[in-house]
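Quick look at input-v1.pdb (PDB, C-alpha atoms):
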```pdb
ATOM      1  CA  MET A1430       6.823  -8.961 -27.093  1.00  0.00           C
ATOM      2  CA  ARG A1431       3.355  -8.072 -25.787  1.00  0.00           C
ATOM      3  CA  LYS A1432       3.527 -11.025 -23.358  1.00  0.00           C
ATOM      4  CA  ILE A1433       6.888  -9.803 -22.061  1.00  0.00           C
ATOM      5  CA  ILE A1434       5.503  -6.291 -21.454  1.00  0.00           C
ATOM      6  CA  TYR A1435       2.463  -7.800 -19.742  1.00  0.00           C
ATOM      7  CA  ILE A1436       4.681  -9.866 -17.405  1.00  0.00           C
ATOM      8  CA  LEU A1437       6.871  -6.845 -16.604  1.00  0.00           C
ATOM      9  CA  ILE A1438       3.840  -4.720 -15.695  1.00  0.00           C
ATOM     10  CA  LEU A1439       2.361  -7.350 -13.392  1.00  0.00           C
ATOM     11  CA  SER A1440       5.694  -8.172 -11.744  1.00  0.00           C
ATOM     12  CA  SER A1441       6.408  -4.500 -11.041  1.00  0.00           C
ATOM     13  CA  ILE A1442       2.970  -4.078  -9.473  1.00  0.00           C
ATOM     14  CA  ALA A1443       3.581  -7.150  -7.318  1.00  0.00           C
ATOM     15  CA  ASN A1444       6.958  -5.776  -6.208  1.00  0.00           C
ATOM     16  CA  ALA A1445       5.380  -2.506  -5.136  1.00  0.00           C
ATOM     17  CA  HIS A1446       2.792  -4.224  -2.970  1.00  0.00           C
ATOM     18  CA  GLN A1447       5.186  -6.717  -1.360  1.00  0.00           C
ATOM     19  CA  VAL A1448       7.943  -4.506  -0.029  1.00  0.00           C
ATOM     20  CA  GLY A1449      10.615  -5.994   2.150  1.00  0.00           C
ATOM     21  CA  GLY A1450      13.114  -4.137   4.334  1.00  0.00           C
ATOM     22  CA  THR A1451      12.802  -2.079   7.459  1.00  0.00           C
ATOM     23  CA  GLY A1452      12.829   1.667   6.836  1.00  0.00           C
ATOM     24  CA  PHE A1453      13.569   4.660   4.694  1.00  0.00           C
ATOM     25  CA  LEU A1454      14.971   2.887   1.631  1.00  0.00           C
ATOM     26  CA  SER A1455      12.042   0.464   1.460  1.00  0.00           C
ATOM     27  CA  GLY A1456       9.582   3.350   1.667  1.00  0.00           C
ATOM     28  CA  PHE A1457      11.513   5.359  -0.905  1.00  0.00           C
ATOM     29  CA  GLU A1458      11.631   2.567  -3.477  1.00  0.00           C
ATOM     30  CA  HIS A1459       7.981   1.565  -3.046  1.00  0.00           C
ATOM     31  CA  PRO A1460       6.524   4.241  -5.397  1.00  0.00           C
ATOM     32  CA  VAL A1461       9.505   4.028  -7.750  1.00  0.00           C
ATOM     33  CA  LEU A1462       9.401   0.275  -8.330  1.00  0.00           C
ATOM     34  CA  GLY A1463       5.627   0.127  -8.551  1.00  0.00           C
ATOM     35  CA  PHE A1464       4.842   0.705 -12.221  1.00  0.00           C
ATOM     36  CA  ASP A1465       1.272   1.807 -11.504  1.00  0.00           C
ATOM     37  CA  HIS A1466       2.300   4.107  -8.651  1.00  0.00           C
ATOM     38  CA  PHE A1467       5.094   5.671 -10.691  1.00  0.00           C
ATOM     39  CA  LEU A1468       2.879   6.382 -13.709  1.00  0.00           C
ATOM     40  CA  ALA A1469       0.175   7.944 -11.561  1.00  0.00           C
ATOM     41  CA  MET A1470       2.574  10.203  -9.696  1.00  0.00           C
ATOM     42  CA  VAL A1471       4.429  11.372 -12.791  1.00  0.00           C
ATOM     43  CA  SER A1472       1.045  12.049 -14.364  1.00  0.00           C
ATOM     44  CA  VAL A1473      -0.033  14.191 -11.413  1.00  0.00           C
ATOM     45  CA  GLY A1474       3.036  16.371 -11.951  1.00  0.00           C
ATOM     46  CA  ILE A1475       2.521  16.596 -15.711  1.00  0.00           C
ATOM     47  CA  TRP A1476      -1.159  17.497 -15.397  1.00  0.00           C
ATOM     48  CA  SER A1477      -0.426  20.168 -12.790  1.00  0.00           C
ATOM     49  CA  ALA A1478       2.108  21.723 -15.202  1.00  0.00           C
ATOM     50  CA  GLN A1479      -0.500  21.671 -17.972  1.00  0.00           C
ATOM     51  CA  ILE A1480      -2.919  23.588 -15.769  1.00  0.00           C
ATOM     52  CA  GLY A1481      -0.223  26.031 -14.698  1.00  0.00           C
ATOM     53  CA  GLY A1482      -0.304  28.741 -12.042  1.00  0.00           C
ATOM     54  CA  ARG A1483      -0.754  27.678  -8.435  1.00  0.00           C
ATOM     55  CA  ALA A1484      -1.842  24.209  -9.596  1.00  0.00           C
ATOM     56  CA  ILE A1485       1.820  23.336 -10.224  1.00  0.00           C
ATOM     57  CA  TRP A1486       2.324  22.955  -6.482  1.00  0.00           C
ATOM     58  CA  PHE A1487      -1.278  22.734  -5.231  1.00  0.00           C
ATOM     59  CA  VAL A1488      -2.276  19.621  -7.221  1.00  0.00           C
ATOM     60  CA  PRO A1489       0.738  17.490  -6.153  1.00  0.00           C
ATOM     61  CA  ALA A1490       0.409  18.749  -2.560  1.00  0.00           C
ATOM     62  CA  THR A1491      -3.251  17.651  -2.555  1.00  0.00           C
ATOM     63  CA  PHE A1492      -2.297  14.193  -3.785  1.00  0.00           C
ATOM     64  CA  VAL A1493       0.449  13.803  -1.152  1.00  0.00           C
ATOM     65  CA  THR A1494      -1.894  15.000   1.616  1.00  0.00           C
ATOM     66  CA  PHE A1495      -4.577  12.449   0.808  1.00  0.00           C
ATOM     67  CA  MET A1496      -1.952   9.789   0.204  1.00  0.00           C
ATOM     68  CA  ILE A1497      -0.855  10.311   3.812  1.00  0.00           C
ATOM     69  CA  VAL A1498      -4.504   9.948   4.880  1.00  0.00           C
ATOM     70  CA  GLY A1499      -4.666   6.657   2.992  1.00  0.00           C
ATOM     71  CA  GLY A1500      -1.408   5.564   4.603  1.00  0.00           C
ATOM     72  CA  VAL A1501      -2.882   6.158   8.052  1.00  0.00           C
ATOM     73  CA  LEU A1502      -5.939   4.084   7.118  1.00  0.00           C
ATOM     74  CA  GLY A1503      -3.607   1.292   6.045  1.00  0.00           C
ATOM     75  CA  ILE A1504      -1.646   1.459   9.288  1.00  0.00           C
ATOM     76  CA  LEU A1505      -4.903   1.276  11.256  1.00  0.00           C
ATOM     77  CA  GLU A1506      -5.794  -1.784   9.131  1.00  0.00           C
ATOM     78  CA  ILE A1507      -9.103  -0.258   8.081  1.00  0.00           C
ATOM     79  CA  ASP A1508     -10.273  -2.364   5.176  1.00  0.00           C
ATOM     80  CA  ILE A1509     -10.489  -0.642   1.797  1.00  0.00           C
ATOM     81  CA  PRO A1510     -11.635  -3.280  -0.701  1.00  0.00           C
ATOM     82  CA  LEU A1511     -10.258  -3.351  -4.235  1.00  0.00           C
ATOM     83  CA  PHE A1512      -7.714  -0.598  -3.587  1.00  0.00           C
ATOM     84  CA  GLU A1513      -5.584  -2.028  -6.414  1.00  0.00           C
ATOM     85  CA  VAL A1514      -8.507  -1.342  -8.759  1.00  0.00           C
ATOM     86  CA  GLY A1515      -8.617   2.229  -7.493  1.00  0.00           C
ATOM     87  CA  ILE A1516      -4.921   2.644  -8.287  1.00  0.00           C
ATOM     88  CA  ALA A1517      -5.382   1.272 -11.809  1.00  0.00           C
ATOM     89  CA  THR A1518      -8.360   3.581 -12.327  1.00  0.00           C
ATOM     90  CA  SER A1519      -6.275   6.559 -11.214  1.00  0.00           C
ATOM     91  CA  VAL A1520      -3.634   5.763 -13.852  1.00  0.00           C
ATOM     92  CA  PHE A1521      -6.347   5.637 -16.513  1.00  0.00           C
ATOM     93  CA  LEU A1522      -8.023   8.897 -15.469  1.00  0.00           C
ATOM     94  CA  LEU A1523      -4.754  10.788 -15.085  1.00  0.00           C
ATOM     95  CA  GLY A1524      -3.757   9.655 -18.558  1.00  0.00           C
ATOM     96  CA  VAL A1525      -7.077  10.973 -19.866  1.00  0.00           C
ATOM     97  CA  ALA A1526      -6.481  14.272 -18.042  1.00  0.00           C
ATOM     98  CA  ILE A1527      -3.085  14.672 -19.752  1.00  0.00           C
ATOM     99  CA  ALA A1528      -4.441  13.628 -23.141  1.00  0.00           C
ATOM    100  CA  THR A1529      -7.262  16.166 -22.935  1.00  0.00           C
ATOM    101  CA  GLU A1530      -4.937  18.772 -21.371  1.00  0.00           C
ATOM    102  CA  ARG A1531      -7.148  21.463 -19.812  1.00  0.00           C
ATOM    103  CA  TYR A1532     -10.578  20.171 -20.766  1.00  0.00           C
ATOM    104  CA  ILE A1533     -11.176  18.527 -17.399  1.00  0.00           C
ATOM    105  CA  SER A1534     -12.326  20.907 -14.681  1.00  0.00           C
ATOM    106  CA  VAL A1535      -9.628  21.609 -12.102  1.00  0.00           C
ATOM    107  CA  LYS A1536     -12.158  21.150  -9.279  1.00  0.00           C
ATOM    108  CA  ILE A1537     -13.240  17.763 -10.620  1.00  0.00           C
ATOM    109  CA  GLY A1538      -9.609  16.817 -11.154  1.00  0.00           C
ATOM    110  CA  LEU A1539      -8.735  17.703  -7.571  1.00  0.00           C
ATOM    111  CA  LEU A1540     -11.639  15.612  -6.331  1.00  0.00           C
ATOM    112  CA  PHE A1541     -10.484  12.478  -8.099  1.00  0.00           C
ATOM    113  CA  ILE A1542      -6.823  13.150  -7.208  1.00  0.00           C
ATOM    114  CA  SER A1543      -7.855  13.390  -3.546  1.00  0.00           C
ATOM    115  CA  PHE A1544      -9.971  10.251  -3.781  1.00  0.00           C
ATOM    116  CA  PHE A1545      -7.392   8.133  -5.590  1.00  0.00           C
ATOM    117  CA  GLY A1546      -4.521   9.518  -3.517  1.00  0.00           C
ATOM    118  CA  ILE A1547      -6.091   7.616  -0.619  1.00  0.00           C
ATOM    119  CA  PHE A1548      -5.783   4.327  -2.534  1.00  0.00           C
ATOM    120  CA  HIS A1549      -2.106   4.941  -3.290  1.00  0.00           C
ATOM    121  CA  GLY A1550      -1.410   5.832   0.338  1.00  0.00           C
ATOM    122  CA  TYR A1551      -3.337   2.813   1.560  1.00  0.00           C
ATOM    123  CA  ALA A1552      -1.153   0.526  -0.567  1.00  0.00           C
ATOM    124  CA  HIS A1553       1.869   1.934   1.271  1.00  0.00           C
ATOM    125  CA  GLY A1554       0.216   1.964   4.677  1.00  0.00           C
ATOM    126  CA  VAL A1555      -0.815  -1.699   4.730  1.00  0.00           C
ATOM    127  CA  GLU A1556       2.901  -2.584   4.580  1.00  0.00           C
ATOM    128  CA  MET A1557       3.819  -0.553   7.654  1.00  0.00           C
ATOM    129  CA  PRO A1558       2.638  -2.871  10.463  1.00  0.00           C
ATOM    130  CA  ASN A1559       5.282  -5.339   9.201  1.00  0.00           C
ATOM    131  CA  ILE A1560       8.038  -2.701   8.973  1.00  0.00           C
ATOM    132  CA  LEU A1561      10.484  -2.244  11.851  1.00  0.00           C
ATOM    133  CA  ASN A1562      10.599   1.527  11.431  1.00  0.00           C
ATOM    134  CA  PRO A1563       7.251   2.824  10.123  1.00  0.00           C
ATOM    135  CA  PHE A1564       8.287   6.479  10.541  1.00  0.00           C
ATOM    136  CA  LEU A1565      11.307   6.138   8.246  1.00  0.00           C
ATOM    137  CA  PHE A1566       9.234   4.070   5.805  1.00  0.00           C
ATOM    138  CA  SER A1567       6.586   6.844   5.709  1.00  0.00           C
ATOM    139  CA  LEU A1568       9.240   9.504   5.253  1.00  0.00           C
ATOM    140  CA  GLY A1569      10.729   7.515   2.402  1.00  0.00           C
ATOM    141  CA  PHE A1570       7.553   7.059   0.388  1.00  0.00           C
ATOM    142  CA  VAL A1571       6.406  10.667   0.938  1.00  0.00           C
ATOM    143  CA  LEU A1572       9.778  12.019  -0.237  1.00  0.00           C
ATOM    144  CA  SER A1573       9.880   9.628  -3.188  1.00  0.00           C
ATOM    145  CA  THR A1574       6.352  10.573  -4.221  1.00  0.00           C
ATOM    146  CA  SER A1575       7.185  14.279  -4.017  1.00  0.00           C
ATOM    147  CA  LEU A1576      10.285  13.821  -6.178  1.00  0.00           C
ATOM    148  CA  ILE A1577       8.295  11.880  -8.795  1.00  0.00           C
ATOM    149  CA  HIS A1578       5.738  14.695  -8.835  1.00  0.00           C
ATOM    150  CA  ILE A1579       8.552  17.197  -9.405  1.00  0.00           C
ATOM    151  CA  LEU A1580       9.863  15.037 -12.257  1.00  0.00           C
ATOM    152  CA  GLY A1581       6.404  15.118 -13.830  1.00  0.00           C
ATOM    153  CA  VAL A1582       6.206  18.896 -13.419  1.00  0.00           C
ATOM    154  CA  PHE A1583       9.536  19.371 -15.219  1.00  0.00           C
ATOM    155  CA  ILE A1584       8.429  17.022 -18.011  1.00  0.00           C
ATOM    156  CA  GLY A1585       5.204  19.009 -18.375  1.00  0.00           C
ATOM    157  CA  ILE A1586       6.912  22.411 -18.343  1.00  0.00           C
ATOM    158  CA  PHE A1587       9.457  21.295 -20.940  1.00  0.00           C
ATOM    159  CA  ALA A1588       6.763  19.760 -23.169  1.00  0.00           C
ATOM    160  CA  LEU A1589       4.645  22.909 -23.084  1.00  0.00           C
ATOM    161  CA  LYS A1590       7.334  24.970 -24.812  1.00  0.00           C
ATOM    162  CA  SER A1591       6.099  24.153 -28.312  1.00  0.00           C
ATOM    163  CA  GLU A1592       2.876  22.980 -29.944  1.00  0.00           C
ATOM    164  CA  LYS A1593       4.614  19.877 -31.289  1.00  0.00           C
ATOM    165  CA  SER A1594       5.855  18.780 -27.872  1.00  0.00           C
ATOM    166  CA  ARG A1595       2.425  19.568 -26.390  1.00  0.00           C
ATOM    167  CA  ALA A1596       0.872  17.225 -28.927  1.00  0.00           C
ATOM    168  CA  ILE A1597       3.432  14.530 -28.088  1.00  0.00           C
ATOM    169  CA  LEU A1598       2.589  14.943 -24.404  1.00  0.00           C
ATOM    170  CA  ARG A1599      -1.111  14.449 -25.159  1.00  0.00           C
ATOM    171  CA  TYR A1600      -0.277  11.240 -27.029  1.00  0.00           C
ATOM    172  CA  ILE A1601       1.780  10.117 -24.037  1.00  0.00           C
ATOM    173  CA  GLY A1602      -1.261  10.815 -21.864  1.00  0.00           C
ATOM    174  CA  ALA A1603      -3.368   8.625 -24.129  1.00  0.00           C
ATOM    175  CA  GLY A1604      -0.749   5.901 -23.800  1.00  0.00           C
ATOM    176  CA  ILE A1605      -0.795   6.182 -19.998  1.00  0.00           C
ATOM    177  CA  ALA A1606      -4.597   5.931 -20.082  1.00  0.00           C
ATOM    178  CA  GLY A1607      -4.281   2.782 -22.202  1.00  0.00           C
ATOM    179  CA  ILE A1608      -1.842   1.237 -19.729  1.00  0.00           C
ATOM    180  CA  GLY A1609      -4.164   2.120 -16.853  1.00  0.00           C
ATOM    181  CA  LEU A1610      -7.079   0.483 -18.643  1.00  0.00           C
ATOM    182  CA  HIS A1611      -4.972  -2.596 -19.322  1.00  0.00           C
ATOM    183  CA  ILE A1612      -3.968  -2.861 -15.649  1.00  0.00           C
ATOM    184  CA  PHE A1613      -7.623  -2.439 -14.700  1.00  0.00           C
ATOM    185  CA  THR A1614      -8.636  -5.392 -16.879  1.00  0.00           C
ATOM    186  CA  THR A1615      -6.220  -7.650 -14.969  1.00  0.00           C
ATOM    187  CA  PHE A1616      -8.337  -7.059 -11.855  1.00  0.00           C
ATOM    188  CA  ILE A1617     -11.680  -7.904 -13.489  1.00  0.00           C
ATOM    189  CA  PRO A1618     -11.708 -11.452 -12.000  1.00  0.00           C
ATOM    190  CA  LEU A1619     -11.096  -9.934  -8.549  1.00  0.00           C
ATOM    191  CA  ILE A1620     -13.892  -7.417  -9.098  1.00  0.00           C
ATOM    192  CA  LEU A1621     -16.286 -10.193 -10.125  1.00  0.00           C
ATOM    193  CA  VAL A1622     -15.441 -12.225  -7.017  1.00  0.00           C
ATOM    194  CA  TYR A1623     -16.088  -9.173  -4.833  1.00  0.00           C
ATOM    195  CA  LEU A1624     -19.411  -8.463  -6.575  1.00  0.00           C
ATOM    196  CA  LYS A1625     -20.495 -12.067  -6.047  1.00  0.00           C
ATOM    197  CA  LYS A1626     -19.787 -11.705  -2.325  1.00  0.00           C
ATOM    198  CA  ILE A1627     -21.941  -8.575  -2.210  1.00  0.00           C
ATOM    199  CA  VAL A1628     -24.784 -10.370  -4.013  1.00  0.00           C
ATOM    200  CA  VAL A1629     -24.595 -13.279  -1.551  1.00  0.00           C
ATOM    201  CA  LEU A1630     -24.752 -10.874   1.411  1.00  0.00           C
ATOM    202  CA  LEU A1631     -27.807  -9.170  -0.108  1.00  0.00           C
TER     203      LEU A1631
END
```
Using structure tokens, write down the structure that the file contains.
Amino acid sequence: MRKIIYILILSSIANAHQVGGTGFLSGFEHPVLGFDHFLAMVSVGIWSAQIGGRAIWFVPATFVTFMIVGGVLGILEIDIPLFEVGIATSVFLLGVAIATERYISVKIGLLFISFFGIFHGYAHGVEMPNILNPFLFSLGFVLSTSLIHILGVFIGIFALKSEKSRAILRYIGAGIAGIGLHIFTTFIPLILVYLKKIVVLL
């Protein structure tokens, strides 16, 4: 069973980073079919609901803004090494943020959401030079991301109605962090190869 789950996770990640198609639908499905993307974006919505107040819209809007920045970097083919590792790390940290609820500073949280939003956007952007209609593709993945954020917000708001559901949500956050850590470990060989290249250059 664990091997099956492992295969499903890796295949979904591969699907997200090898999008076919020409426009809006391809862009829309990119965050949805990518297991790592989907978890991160739902988590952003959940965490913003946990914080409450203006953060409910400000945190997701920050992520989307920097995701667009990352998308532009991808379109311009500016190299961001190990961006997949950055995405996996974002899943882990967002899971930790949910599990610890409000114990992480909002300012610190916004900093890492901004930083890792660039990695998520870059993963979308690198696909665009091969897409016939980059504008529709961009519109699709921005809309899809926003809807996933909204889904996360509703999950968070619903879960905050009772102490029991709040506790369940924190356990879910711990589970998301565990998945993020697991995805991260799959990139360790890639990280080691990159570090060896740096050592050789030095």
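Here atom CA of A:His1549 and atom CA of A:Ile1516 stand 6.2 Å from one another.
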- From A:Val1514, A:Ile1542, A:Ile1577, A:Ile1584, residue lying nearest A:His1611 [only C-alpha atoms]: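 Using only C-alpha atoms, A:His1611 sits closest to A:Val1514.
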- Message: For a quick check of understanding, using all atoms listed in the file, which of A:Glu1513, A:Lys1590, A:Gly1499, A:Val1535 has the smallest distance to A:Ile1617?
- Response: A:Glu1513
- Go through A:Val1498, A:Val1622, A:Leu1610, A:Ala1490 one by one, measure the shortest atom-to-atom distance of each to A:Gly1554 using all atoms listed in the file, and give the residue with the smallest value. A:Val1498
- Query: Written as a ChimeraX atom specification, what is the full residue list that the PyMOL selection byres ((chain A and resi 1578) around 12) yields on the file shown?
  - Reply: /A:1460-1461,1466-1478,1485-1493,1571-1577,1579-1585
